[in-house]
$ cat start-v2.tsv   # TSV, C-alpha atoms
chain	number	residue	atom	x	y	z
A	1	MET	CA	132.84	-187.17	14.99
A	2	ILE	CA	131.26	-183.72	14.78
A	3	ARG	CA	132.08	-181.59	17.84
A	4	ARG	CA	129.25	-181.27	20.37
A	5	GLU	CA	128.79	-177.50	20.29
A	6	SER	CA	127.58	-174.93	17.79
A	7	VAL	CA	128.84	-176.21	14.45
A	8	ALA	CA	128.86	-175.55	10.74
A	9	ILE	CA	127.96	-178.42	8.44
A	10	PRO	CA	131.12	-179.87	6.85
A	11	ALA	CA	131.03	-180.51	3.10
A	12	ASN	CA	131.09	-184.30	3.59
A	13	VAL	CA	128.10	-184.30	5.96
A	14	THR	CA	124.48	-184.74	4.88
A	15	LEU	CA	121.51	-184.18	7.18
A	16	ARG	CA	118.17	-185.97	7.40
A	17	MET	CA	115.21	-185.30	9.64
A	18	PRO	CA	113.79	-188.68	10.70
A	19	ALA	CA	110.05	-189.14	10.32
A	20	GLU	CA	108.01	-188.82	13.50
A	21	TRP	CA	107.20	-192.56	13.52
A	22	GLU	CA	110.88	-193.49	13.65
A	23	PRO	CA	112.19	-194.44	17.14
A	24	HIS	CA	112.38	-191.72	19.78
A	25	GLU	CA	114.82	-191.38	22.63
A	26	ALA	CA	112.40	-188.94	24.26
A	27	THR	CA	109.65	-186.37	23.76
A	28	TRP	CA	110.14	-182.69	24.59
A	29	LEU	CA	107.40	-180.90	26.56
A	30	GLY	CA	107.26	-177.55	28.34
A	31	TRP	CA	105.27	-177.46	31.58
A	32	PRO	CA	102.48	-174.82	31.26
A	33	HIS	CA	102.81	-171.62	33.25
A	34	GLU	CA	101.63	-168.71	31.08
A	35	LEU	CA	98.09	-167.97	32.31
A	36	THR	CA	97.24	-165.69	29.38
A	37	ASP	CA	97.62	-168.61	26.95
A	38	TRP	CA	94.46	-170.13	28.47
A	39	PRO	CA	92.58	-167.02	29.65
A	40	GLY	CA	89.95	-167.89	32.22
A	41	LYS	CA	90.60	-171.62	31.85
A	42	PHE	CA	94.12	-172.30	33.08
A	43	SER	CA	93.32	-174.52	36.07
A	44	PRO	CA	92.69	-177.76	34.10
A	45	ILE	CA	95.71	-177.30	31.83
A	46	PRO	CA	98.47	-178.74	34.08
A	47	TRP	CA	96.30	-181.82	34.59
A	48	ALA	CA	95.88	-182.18	30.82
A	49	PHE	CA	99.67	-182.02	30.43
A	50	ALA	CA	100.07	-184.56	33.24
A	51	GLU	CA	97.72	-186.94	31.43
A	52	ILE	CA	99.85	-186.63	28.29
A	53	VAL	CA	103.02	-187.33	30.28
A	54	ARG	CA	101.29	-190.30	31.91
A	55	HIS	CA	100.88	-191.95	28.52
A	56	LEU	CA	104.24	-190.92	27.07
A	57	SER	CA	106.17	-192.11	30.13
A	58	GLN	CA	104.94	-195.65	29.44
A	59	VAL	CA	106.74	-195.82	26.08
A	60	GLU	CA	109.61	-193.33	26.12
A	61	ARG	CA	111.44	-190.78	28.23
A	62	VAL	CA	109.97	-187.29	28.60
A	63	PHE	CA	112.27	-184.25	28.55
A	64	LEU	CA	110.20	-181.74	30.53
A	65	LEU	CA	111.08	-178.03	30.67
A	66	VAL	CA	110.17	-176.25	33.92
A	67	GLU	CA	110.95	-172.73	35.06
A	68	ASP	CA	112.84	-173.61	38.26
A	69	ARG	CA	112.92	-175.94	41.26
A	70	THR	CA	109.60	-174.69	42.58
A	71	ALA	CA	107.95	-175.37	39.24
A	72	GLU	CA	109.56	-178.81	39.14
A	73	ALA	CA	108.11	-179.64	42.54
A	74	ARG	CA	104.61	-178.63	41.39
A	75	ALA	CA	104.98	-180.63	38.19
A	76	ARG	CA	106.25	-183.69	40.06
A	77	GLN	CA	103.26	-183.56	42.39
A	78	ALA	CA	100.81	-183.36	39.49
A	79	LEU	CA	102.56	-186.18	37.62
A	80	GLU	CA	102.60	-188.45	40.67
A	81	LYS	CA	98.90	-187.85	41.34
A	82	SER	CA	98.12	-188.56	37.69
A	83	GLY	CA	99.95	-191.87	37.66
A	84	ALA	CA	102.83	-190.90	35.37
A	85	ILE	CA	106.12	-192.78	35.66
A	86	VAL	CA	108.10	-189.89	37.14
A	87	GLU	CA	111.35	-191.87	36.88
A	88	ALA	CA	110.95	-191.64	33.10
A	89	VAL	CA	110.88	-187.82	33.22
A	90	THR	CA	114.04	-185.72	32.94
A	91	PHE	CA	113.52	-182.14	34.15
A	92	PHE	CA	115.29	-179.21	32.50
A	93	HIS	CA	115.27	-175.90	34.38
A	94	THR	CA	114.78	-173.59	31.42
A	95	PRO	CA	112.96	-170.24	31.32
A	96	THR	CA	110.23	-170.08	28.67
A	97	ASP	CA	107.61	-167.59	27.52
A	98	ARG	CA	105.09	-170.20	26.43
A	99	GLY	CA	106.88	-173.46	25.84
A	100	TRP	CA	105.18	-174.77	22.68
A	101	MET	CA	108.02	-177.15	22.01
A	102	ARG	CA	107.05	-178.05	18.46
A	103	ASP	CA	107.92	-174.51	17.44
A	104	SER	CA	110.69	-173.38	19.79
A	105	GLY	CA	112.31	-176.66	20.82
A	106	PRO	CA	115.30	-178.42	19.21
A	107	ILE	CA	114.74	-180.32	15.96
A	108	GLY	CA	116.84	-183.46	15.86
A	109	VAL	CA	118.48	-184.44	12.56
A	110	VAL	CA	120.77	-187.31	11.67
A	111	ALA	CA	124.18	-186.27	10.35
A	112	THR	CA	125.94	-188.79	8.14
A	113	GLN	CA	129.59	-188.16	7.27
A	114	GLY	CA	130.67	-189.22	3.82
A	115	GLN	CA	127.57	-191.43	3.48
A	116	ILE	CA	129.02	-193.82	6.08
A	117	GLU	CA	126.18	-194.94	8.32
A	118	THR	CA	128.43	-195.94	11.21
A	119	ALA	CA	129.71	-192.37	11.48
A	120	ARG	CA	126.31	-190.75	11.93
A	121	ASP	CA	125.42	-188.52	14.82
A	122	LEU	CA	122.44	-186.55	16.08
A	123	LEU	CA	122.54	-182.78	15.72
A	124	LEU	CA	120.09	-180.16	16.96
A	125	LEU	CA	118.75	-177.55	14.55
A	126	ASN	CA	118.24	-174.22	16.28
A	127	PHE	CA	116.12	-172.15	13.91
A	128	GLU	CA	115.43	-168.53	14.79
A	129	PHE	CA	112.12	-168.19	16.65
A	130	ASN	CA	110.22	-164.88	16.51
A	131	GLY	CA	106.91	-165.65	18.20
A	132	TRP	CA	105.21	-166.70	14.95
A	133	ALA	CA	105.88	-163.17	13.65
A	134	LYS	CA	102.96	-162.11	15.82
A	135	TYR	CA	103.79	-161.95	19.54
A	136	ASP	CA	106.38	-159.85	21.33
A	137	ASP	CA	107.09	-162.15	24.28
A	138	TYR	CA	109.25	-164.82	22.64
A	139	LYS	CA	112.87	-164.13	23.62
A	140	LYS	CA	113.02	-166.79	26.34
A	141	ASP	CA	111.58	-169.37	23.95
A	142	ALA	CA	114.17	-168.35	21.36
A	143	ARG	CA	116.93	-169.37	23.82
A	144	VAL	CA	115.53	-172.81	24.66
A	145	VAL	CA	117.91	-174.82	22.46
A	146	PRO	CA	121.19	-173.45	23.88
A	147	TYR	CA	119.76	-173.78	27.40
A	148	VAL	CA	118.88	-177.45	27.09
A	149	ASN	CA	122.09	-178.22	25.21
A	150	ARG	CA	124.17	-177.22	28.23
A	151	ARG	CA	123.07	-180.61	29.51
A	152	LEU	CA	122.75	-182.61	26.31
A	153	LYS	CA	126.07	-181.41	24.85
A	154	ARG	CA	125.06	-182.12	21.26
A	155	GLY	CA	126.20	-180.36	18.13
A	156	VAL	CA	123.92	-177.38	17.45
A	157	VAL	CA	123.41	-176.02	13.94
A	158	LEU	CA	122.18	-172.45	13.37
A	159	PRO	CA	120.47	-172.60	9.96
A	160	GLU	CA	121.30	-169.69	7.65
A	161	HIS	CA	120.39	-168.70	4.11
A	162	LYS	CA	121.72	-165.70	2.21
A	163	LYS	CA	123.75	-164.80	5.32
A	164	ARG	CA	120.57	-164.54	7.41
A	165	ARG	CA	119.38	-166.73	10.27
A	166	VAL	CA	116.34	-168.68	9.10
A	167	VAL	CA	113.07	-168.36	11.02
A	168	LEU	CA	111.08	-171.60	11.09
A	169	GLU	CA	108.72	-173.40	13.46
A	170	GLY	CA	108.45	-177.18	13.63
A	171	GLY	CA	104.68	-176.97	13.21
A	172	ALA	CA	105.17	-175.44	9.75
A	173	ILE	CA	106.67	-178.63	8.30
A	174	ASP	CA	106.06	-182.39	8.24
A	175	VAL	CA	108.47	-184.93	6.70
A	176	ASN	CA	108.28	-188.55	5.61
A	177	GLY	CA	111.97	-189.15	6.38
A	178	CYS	CA	112.68	-190.17	2.77
A	179	GLY	CA	112.99	-186.77	1.09
A	180	SER	CA	109.45	-185.34	1.00
A	181	MET	CA	108.05	-182.50	3.10
A	182	LEU	CA	104.62	-180.91	3.54
A	183	THR	CA	104.21	-177.19	4.24
A	184	THR	CA	101.89	-174.30	3.31
A	185	GLU	CA	102.16	-171.17	1.23
A	186	GLU	CA	100.09	-169.24	3.77
A	187	CYS	CA	102.63	-169.82	6.54
A	188	LEU	CA	105.94	-169.42	4.69
A	189	LEU	CA	105.18	-167.24	1.66
A	190	SER	CA	102.51	-164.81	2.87
A	191	GLU	CA	103.39	-161.22	3.76
A	192	VAL	CA	101.13	-161.65	6.80
A	193	GLN	CA	103.20	-162.88	9.78
A	194	SER	CA	106.17	-163.10	7.43
A	195	ARG	CA	108.95	-165.29	8.84
A	196	ASN	CA	111.64	-164.64	6.25
A	197	PRO	CA	110.75	-161.60	4.13
A	198	GLY	CA	111.91	-161.98	0.55
A	199	PHE	CA	112.28	-165.77	0.62
A	200	GLY	CA	110.43	-167.69	-2.10
A	201	LYS	CA	109.91	-171.34	-2.90
A	202	TYR	CA	113.39	-171.71	-4.37
A	203	ASP	CA	114.97	-170.31	-1.19
A	204	TYR	CA	113.00	-172.72	0.97
A	205	ALA	CA	113.88	-175.63	-1.31
A	206	GLN	CA	117.56	-174.89	-0.69
A	207	ILE	CA	117.03	-174.56	3.06
A	208	PHE	CA	115.02	-177.77	3.32
A	209	LYS	CA	117.54	-179.75	1.28
A	210	LYS	CA	120.52	-178.53	3.28
A	211	TYR	CA	119.08	-178.91	6.77
A	212	PHE	CA	116.48	-181.68	6.45
A	213	GLY	CA	117.62	-183.74	3.47
A	214	VAL	CA	114.41	-182.84	1.62
A	215	THR	CA	114.35	-182.93	-2.17
A	216	ASN	CA	110.58	-182.84	-2.70
A	217	VAL	CA	108.64	-179.94	-1.13
A	218	LEU	CA	104.85	-180.25	-1.27
A	219	TRP	CA	103.13	-176.88	-0.98
A	220	LEU	CA	99.53	-176.75	0.24
A	221	LYS	CA	97.66	-173.45	0.32
A	222	ARG	CA	95.79	-172.16	3.39
A	223	GLY	CA	95.49	-173.29	7.01
A	224	ILE	CA	92.41	-173.65	9.19
A	225	ALA	CA	90.34	-170.83	10.66
A	226	GLY	CA	91.33	-169.82	14.19
A	227	ASP	CA	94.99	-170.76	13.76
A	228	ASP	CA	97.12	-167.90	15.06
A	229	THR	CA	100.25	-169.30	13.34
A	230	HIS	CA	98.78	-168.36	9.94
A	231	GLY	CA	98.82	-171.74	8.30
A	232	HIS	CA	100.78	-174.42	10.17
A	233	ILE	CA	100.69	-177.75	8.35
A	234	ASP	CA	100.16	-179.83	11.50
A	235	ASP	CA	96.50	-178.79	11.65
A	236	LEU	CA	95.97	-179.71	7.98
A	237	ALA	CA	97.82	-182.74	6.65
A	238	ARG	CA	100.31	-185.23	8.07
A	239	PHE	CA	102.46	-188.08	6.88
A	240	VAL	CA	101.60	-191.34	8.62
A	241	ASP	CA	104.08	-193.45	6.67
A	242	ALA	CA	106.46	-192.81	3.78
A	243	LYS	CA	103.70	-193.06	1.17
A	244	THR	CA	100.51	-192.08	3.04
A	245	VAL	CA	99.12	-188.67	4.01
A	246	VAL	CA	96.04	-187.97	6.13
A	247	ALA	CA	94.27	-184.66	5.55
A	248	VAL	CA	91.39	-182.96	7.37
A	249	VAL	CA	88.28	-182.21	5.34
A	250	GLU	CA	85.29	-180.03	6.24
A	251	GLN	CA	81.93	-181.31	5.01
A	252	ASP	CA	79.89	-178.22	5.92
A	253	SER	CA	79.91	-175.99	2.84
A	254	ALA	CA	78.98	-172.97	5.00
A	255	SER	CA	82.17	-173.31	7.06
A	256	ALA	CA	85.14	-170.98	6.53
A	257	ASN	CA	87.25	-174.15	6.35
A	258	TYR	CA	85.29	-175.83	3.56
A	259	GLU	CA	86.91	-174.28	0.49
A	260	PRO	CA	90.53	-174.16	1.76
A	261	LEU	CA	90.46	-177.79	2.89
A	262	GLN	CA	88.85	-178.99	-0.33
A	263	GLU	CA	91.55	-177.14	-2.28
A	264	ASN	CA	94.31	-178.73	-0.20
A	265	LEU	CA	92.79	-182.19	-0.63
A	266	ALA	CA	92.64	-181.78	-4.41
A	267	LEU	CA	96.30	-180.74	-4.46
A	268	LEU	CA	97.35	-183.68	-2.30
A	269	ARG	CA	95.65	-186.18	-4.56
A	270	GLY	CA	97.79	-185.01	-7.44
A	271	MET	CA	101.07	-184.84	-5.53
A	272	ARG	CA	103.88	-187.35	-5.88
A	273	ASP	CA	106.60	-188.54	-3.54
A	274	GLN	CA	110.35	-188.17	-3.98
A	275	SER	CA	110.32	-191.18	-6.33
A	276	GLY	CA	107.53	-189.86	-8.52
A	277	GLU	CA	104.80	-192.10	-7.09
A	278	LEU	CA	101.36	-190.79	-6.11
A	279	PHE	CA	100.66	-190.68	-2.38
A	280	ARG	CA	97.89	-192.64	-0.76
A	281	VAL	CA	95.60	-189.97	0.72
A	282	GLU	CA	93.20	-190.65	3.59
A	283	THR	CA	90.83	-188.09	5.08
A	284	LEU	CA	90.01	-187.05	8.63
A	285	PRO	CA	86.84	-185.15	9.55
A	286	MET	CA	86.78	-181.80	11.26
A	287	PRO	CA	84.95	-181.50	14.59
A	288	LYS	CA	82.09	-179.06	14.90
A	289	PRO	CA	83.48	-175.54	15.51
A	290	VAL	CA	84.90	-175.12	19.02
A	291	TYR	CA	84.36	-171.71	20.61
A	292	PHE	CA	85.27	-170.23	23.98
A	293	ALA	CA	84.11	-166.74	24.98
A	294	GLY	CA	83.12	-166.20	21.35
A	295	GLN	CA	86.57	-167.07	19.97
A	296	LEU	CA	86.85	-169.73	17.25
A	297	LEU	CA	89.61	-172.17	18.21
A	298	PRO	CA	91.80	-174.27	15.86
A	299	ALA	CA	90.44	-177.70	16.76
A	300	SER	CA	91.82	-180.34	14.39
A	301	TYR	CA	92.32	-184.10	14.52
A	302	ALA	CA	95.47	-183.66	12.41
A	303	ASN	CA	97.27	-182.33	15.49
A	304	PHE	CA	98.07	-185.85	16.71
A	305	TYR	CA	101.51	-186.92	17.96
A	306	ILE	CA	103.23	-190.18	16.96
A	307	ALA	CA	105.11	-191.58	19.97
A	308	ASN	CA	106.85	-194.93	20.40
A	309	LYS	CA	104.12	-197.60	20.20
A	310	MET	CA	101.23	-195.12	20.42
A	311	VAL	CA	99.56	-192.12	18.81
A	312	LEU	CA	98.09	-189.39	21.01
A	313	VAL	CA	95.02	-187.87	19.32
A	314	PRO	CA	93.16	-184.71	20.36
A	315	VAL	CA	89.41	-185.26	20.81
A	316	PHE	CA	86.71	-182.71	21.47
A	317	ASN	CA	83.60	-184.54	22.81
A	318	ASP	CA	82.28	-184.51	19.26
A	319	PRO	CA	80.61	-187.29	17.21
A	320	ALA	CA	83.46	-186.98	14.71
A	321	ASP	CA	85.92	-188.14	17.42
A	322	ARG	CA	84.94	-191.75	16.70
A	323	VAL	CA	85.51	-191.37	12.96
A	324	ALA	CA	88.92	-189.76	13.44
A	325	LEU	CA	90.06	-192.39	15.93
A	326	THR	CA	88.92	-195.22	13.65
A	327	THR	CA	90.70	-193.71	10.65
A	328	LEU	CA	93.94	-193.29	12.57
A	329	ALA	CA	93.70	-196.82	13.95
A	330	GLY	CA	93.54	-198.00	10.33
A	331	VAL	CA	96.69	-196.17	9.25
A	332	PHE	CA	98.60	-197.00	12.45
A	333	PRO	CA	97.78	-200.73	12.86
A	334	ASP	CA	100.80	-201.39	15.09
A	335	ARG	CA	100.29	-198.47	17.49
A	336	GLU	CA	97.84	-197.88	20.30
A	337	ILE	CA	95.51	-194.97	19.53
A	338	VAL	CA	95.09	-192.84	22.66
A	339	PRO	CA	92.41	-190.11	22.73
A	340	ILE	CA	93.29	-186.99	24.73
A	341	TYR	CA	90.46	-184.63	25.68
A	342	SER	CA	91.48	-181.27	24.21
A	343	ARG	CA	88.61	-178.76	24.40
A	344	ASP	CA	90.49	-177.08	27.25
A	345	LEU	CA	93.93	-177.38	25.64
A	346	VAL	CA	92.85	-175.85	22.33
A	347	LEU	CA	92.11	-172.51	24.02
A	348	GLY	CA	95.90	-172.14	23.96
A	349	LEU	CA	95.56	-172.28	20.14
A	350	GLY	CA	97.28	-175.63	19.89
A	351	THR	CA	96.96	-179.21	21.12
A	352	ILE	CA	99.04	-182.41	21.19
A	353	HIS	CA	101.41	-181.95	18.26
A	354	CYS	CA	102.00	-178.27	19.04
A	355	MET	CA	103.04	-179.16	22.60
A	356	THR	CA	105.49	-181.92	21.70
A	357	GLN	CA	108.70	-182.38	19.76
A	358	GLN	CA	110.33	-185.75	19.17
A	359	PHE	CA	113.97	-186.41	20.09
A	360	PRO	CA	115.10	-189.13	17.67
A	361	ARG	CA	116.98	-192.22	18.77
A	362	ILE	CA	119.83	-193.32	16.53
$ encode --input "start-v2.tsv" --output "structure tokens"
Amino acid sequence: MIRRESVAIPANVTLRMPAEWEPHEATWLGWPHELTDWPGKFSPIPWAFAEIVRHLSQVERVFLLVEDRTAEARARQALEKSGAIVEAVTFFHTPTDRGWMRDSGPIGVVATQGQIETARDLLLLNFEFNGWAKYDDYKKDARVVPYVNRRLKRGVVLPEHKKRRVVLEGGAIDVNGCGSMLTTEECLLSEVQSRNPGFGKYDYAQIFKKYFGVTNVLWLKRGIAGDDTHGHIDDLARFVDAKTVVAVVEQDSASANYEPLQENLALLRGMRDQSGELFRVETLPMPKPVYFAGQLLPASYANFYIANKMVLVPVFNDPADRVALTTLAGVFPDREIVPIYSRDLVLGLGTIHCMTQQFPRI
């Protein structure tokens, strides 16, 4: 088996990132502590996180990052009061700057040696994290993977390309587990908030094939207004099964989101999967613009999280909530659809998917 420490990928090993709907051993979350992420509105945030843990703890284990023992005690108290199954929560004492685990947490991939399924193992990809090429306080988040792996003792892979560590956030990509991936040009190719200066589509195709088992990269254009990541895919379009994509669409032609989302939808309807077949494309509405203190926030129904047996969906006390929940119930007939109130959460410039990262079960 592959050694459970920082490893290179042997020539006879192929990697695959399982789709989010495949079975999870656990979900990663980072307990909130950075007050400036929710300026003037922090007090409800721990309770919002506790509500998310309450649901997740019913269907899978939660790996919860906390700063220290004092923070663990506070989190435990909130979880107990909220009705979460605390016995299903494993606490990791890990310093973080922000703790948006989708972007700074470990990405689990299946390693198969010599194409022999019985020899497979789970490795952790530790991409370089640079605060979305925007913020300076990211160095603790960049060390999350080695911190948590002191306990997990998995093999950790440090992705490189052209002898450089690769910068990538989990929110920038979405996979169907069969060879196709969604991402955006705005996030990975723009000179604004540039993650890997000089890398083009061919470079990313090589990276995605080597580390995710992706052979079919689907490039959308721009992200939604208010998104400080500059174009993460998980606010735009998501795989819900191997052949189906849901995409958000803005109906108000006066909105800044109207043209970019129409362009992305048109592209999706012409895109094909790794076998050359057209995708089934379903649409989600956008809520009415969400503002706080005059700031437009990136509220999107596409920021849902697929857990074991359920899907957690951000809602915003908006008439479109009902439409989004009904659409997702249709594409996830075997999962419970759980609305999570997110007008407070989205002030942190992310919601359910941004907070979470799946830990695959193999």
$ closest_residue --input "start-v2.tsv" --among "A:Ala256, A:Val62, A:Cys187, A:Val315" --to "A:His232" --atoms "all atoms listed in the file"
A:Cys187
$ closest_residue --input "start-v2.tsv" --among "A:Asp121, A:Glu186, A:Asp141, A:Asp234" --to "A:Gly155" --atoms "only C-alpha atoms"
A:Asp121
$ residues_around --input "start-v2.tsv" --residues "stretch 333-339 of chain A" --least-positions-apart "5" --cutoff "7 Å" --atoms "all atoms listed in the file" --output "PDB file with C-alpha atoms, in the frame of the given file"
ATOM      1  CA  LYS A 309     104.120-197.600  20.200  1.00  0.00           C
ATOM      2  CA  MET A 310     101.230-195.120  20.420  1.00  0.00           C
ATOM      3  CA  VAL A 311      99.560-192.120  18.810  1.00  0.00           C
ATOM      4  CA  LEU A 312      98.090-189.390  21.010  1.00  0.00           C
ATOM      5  CA  VAL A 313      95.020-187.870  19.320  1.00  0.00           C
ATOM      6  CA  PRO A 314      93.160-184.710  20.360  1.00  0.00           C
ATOM      7  CA  VAL A 315      89.410-185.260  20.810  1.00  0.00           C
TER       8      VAL A 315
END
$ closest_residue --input "start-v2.tsv" --among "A:Val331, A:Met17, A:Leu347, A:Val281" --to "A:Phe316" --atoms "all atoms listed in the file"
A:Leu347
$ closest_residue --input "start-v2.tsv" --among "A:Met355, A:Val53, A:Ala242, A:Leu349" --to "A:Trp38" --atoms "only C-alpha atoms"
A:Leu349
$ atom_distance --input "start-v2.tsv" --atom1 "atom CA of A:Ala111" --atom2 "atom CA of A:Glu169"
20.4 Å
$ residues_near_point --input "start-v2.tsv" --point "(104.1, -175.8, 28.6)" --cutoff "8 Å" --atoms "all atoms listed in the file" --output "ChimeraX atom specification"
/A:29-34,49,65,98-101,355
$ closest_residue --input "start-v2.tsv" --among "A:Val66, A:Ile340, A:Lys139, A:Ala50" --to "A:Gly83" --atoms "all atoms listed in the file"
A:Ala50
$ atom_distance --input "start-v2.tsv" --atom1 "atom CA of A:Thr14" --atom2 "atom CA of A:Ile306"
25.0 Å
$ closest_residue --input "start-v2.tsv" --among "A:Glu51, A:Asp103, A:Val7, A:Arg69" --to "A:Lys81" --atoms "only C-alpha atoms"
A:Glu51
$ atom_distance --input "start-v2.tsv" --atom1 "atom CA of A:Asp137" --atom2 "atom CA of A:Leu35"
13.4 Å
$ residues_around --input "start-v2.tsv" --residues "A:Arg164" --least-positions-apart "2" --cutoff "12 Å" --atoms "only C-alpha atoms" --output "ChimeraX atom specification"
/A:127-128,158-162,166-167,195-199,203,207
$ write_last_selection --input "start-v2.tsv" --atoms "C-alpha atoms" --output "JSON list (two decimals), in the coordinates of the input"
[["chain", "number", "residue", "atom", "x", "y", "z"],
["A", 127, "PHE", "CA", 116.12, -172.15, 13.91],
["A", 128, "GLU", "CA", 115.43, -168.53, 14.79],
["A", 158, "LEU", "CA", 122.18, -172.45, 13.37],
["A", 159, "PRO", "CA", 120.47, -172.60, 9.96],
["A", 160, "GLU", "CA", 121.30, -169.69, 7.65],
["A", 161, "HIS", "CA", 120.39, -168.70, 4.11],
["A", 162, "LYS", "CA", 121.72, -165.70, 2.21],
["A", 166, "VAL", "CA", 116.34, -168.68, 9.10],
["A", 167, "VAL", "CA", 113.07, -168.36, 11.02],
["A", 195, "ARG", "CA", 108.95, -165.29, 8.84],
["A", 196, "ASN", "CA", 111.64, -164.64, 6.25],
["A", 197, "PRO", "CA", 110.75, -161.60, 4.13],
["A", 198, "GLY", "CA", 111.91, -161.98, 0.55],
["A", 199, "PHE", "CA", 112.28, -165.77, 0.62],
["A", 203, "ASP", "CA", 114.97, -170.31, -1.19],
["A", 207, "ILE", "CA", 117.03, -174.56, 3.06]]
$ residues_around --input "start-v2.tsv" --residues "A:Val248" --least-positions-apart "4" --cutoff "6 Å" --atoms "only C-alpha atoms" --output "PyMOL selection string"
chain A and resi 236+283-285
$ residues_around --input "start-v2.tsv" --residues "A:Ala48" --least-positions-apart "5" --cutoff "12 Å" --atoms "all atoms listed in the file" --output "CSV table (one decimal) with C-alpha atoms, in the coordinates of the input"
chain,number,residue,atom,x,y,z
A,31,TRP,CA,105.3,-177.5,31.6
A,32,PRO,CA,102.5,-174.8,31.3
A,41,LYS,CA,90.6,-171.6,31.8
A,42,PHE,CA,94.1,-172.3,33.1
A,43,SER,CA,93.3,-174.5,36.1
A,53,VAL,CA,103.0,-187.3,30.3
A,54,ARG,CA,101.3,-190.3,31.9
A,55,HIS,CA,100.9,-192.0,28.5
A,75,ALA,CA,105.0,-180.6,38.2
A,78,ALA,CA,100.8,-183.4,39.5
A,79,LEU,CA,102.6,-186.2,37.6
A,82,SER,CA,98.1,-188.6,37.7
A,314,PRO,CA,93.2,-184.7,20.4
A,339,PRO,CA,92.4,-190.1,22.7
A,340,ILE,CA,93.3,-187.0,24.7
A,341,TYR,CA,90.5,-184.6,25.7
A,342,SER,CA,91.5,-181.3,24.2
A,343,ARG,CA,88.6,-178.8,24.4
A,344,ASP,CA,90.5,-177.1,27.2
A,345,LEU,CA,93.9,-177.4,25.6
A,346,VAL,CA,92.8,-175.8,22.3
A,351,THR,CA,97.0,-179.2,21.1
A,352,ILE,CA,99.0,-182.4,21.2
A,355,MET,CA,103.0,-179.2,22.6
$ decode --input "start-v2.tsv" --residues "stretch 237-268 of chain A" --atoms "C-alpha atoms" --output "mmCIF file, in the first residue's frame"
data_model
loop_
_atom_site.group_PDB
_atom_site.id
_atom_site.type_symbol
_atom_site.label_atom_id
_atom_site.label_comp_id
_atom_site.auth_asym_id
_atom_site.auth_seq_id
_atom_site.Cartn_x
_atom_site.Cartn_y
_atom_site.Cartn_z
ATOM 1 C CA ALA A 237 -23.348 25.147 -11.776
ATOM 2 C CA ARG A 238 -23.133 21.749 -10.096
ATOM 3 C CA PHE A 239 -23.233 18.105 -11.053
ATOM 4 C CA VAL A 240 -26.108 16.271 -9.376
ATOM 5 C CA ASP A 241 -25.423 12.941 -11.053
ATOM 6 C CA ALA A 242 -22.993 11.713 -13.699
ATOM 7 C CA LYS A 243 -25.081 13.099 -16.574
ATOM 8 C CA THR A 244 -27.016 16.014 -15.026
ATOM 9 C CA VAL A 245 -25.970 19.586 -14.226
ATOM 10 C CA VAL A 246 -28.020 22.234 -12.428
ATOM 11 C CA ALA A 247 -27.203 25.862 -13.201
ATOM 12 C CA VAL A 248 -28.448 29.127 -11.689
ATOM 13 C CA VAL A 249 -30.203 31.543 -14.026
ATOM 14 C CA GLU A 250 -31.153 35.188 -13.434
ATOM 15 C CA GLN A 251 -34.458 36.257 -14.987
ATOM 16 C CA ASP A 252 -34.097 39.991 -14.300
ATOM 17 C CA SER A 253 -32.430 41.481 -17.387
ATOM 18 C CA ALA A 254 -31.366 44.538 -15.351
ATOM 19 C CA SER A 255 -29.286 42.391 -12.986
ATOM 20 C CA ALA A 256 -25.485 42.239 -13.242
ATOM 21 C CA ASN A 257 -25.892 38.452 -13.180
ATOM 22 C CA TYR A 258 -28.267 38.221 -16.141
ATOM 23 C CA GLU A 259 -25.823 38.172 -19.048
ATOM 24 C CA PRO A 260 -23.064 36.041 -17.433
ATOM 25 C CA LEU A 261 -25.527 33.377 -16.280
ATOM 26 C CA GLN A 262 -27.299 33.258 -19.639
ATOM 27 C CA GLU A 263 -23.917 32.827 -21.323
ATOM 28 C CA ASN A 264 -22.971 29.989 -18.976
ATOM 29 C CA LEU A 265 -26.319 28.271 -19.517
ATOM 30 C CA ALA A 266 -25.910 28.419 -23.301
ATOM 31 C CA LEU A 267 -22.442 26.888 -22.997
ATOM 32 C CA LEU A 268 -23.674 24.101 -20.718
#
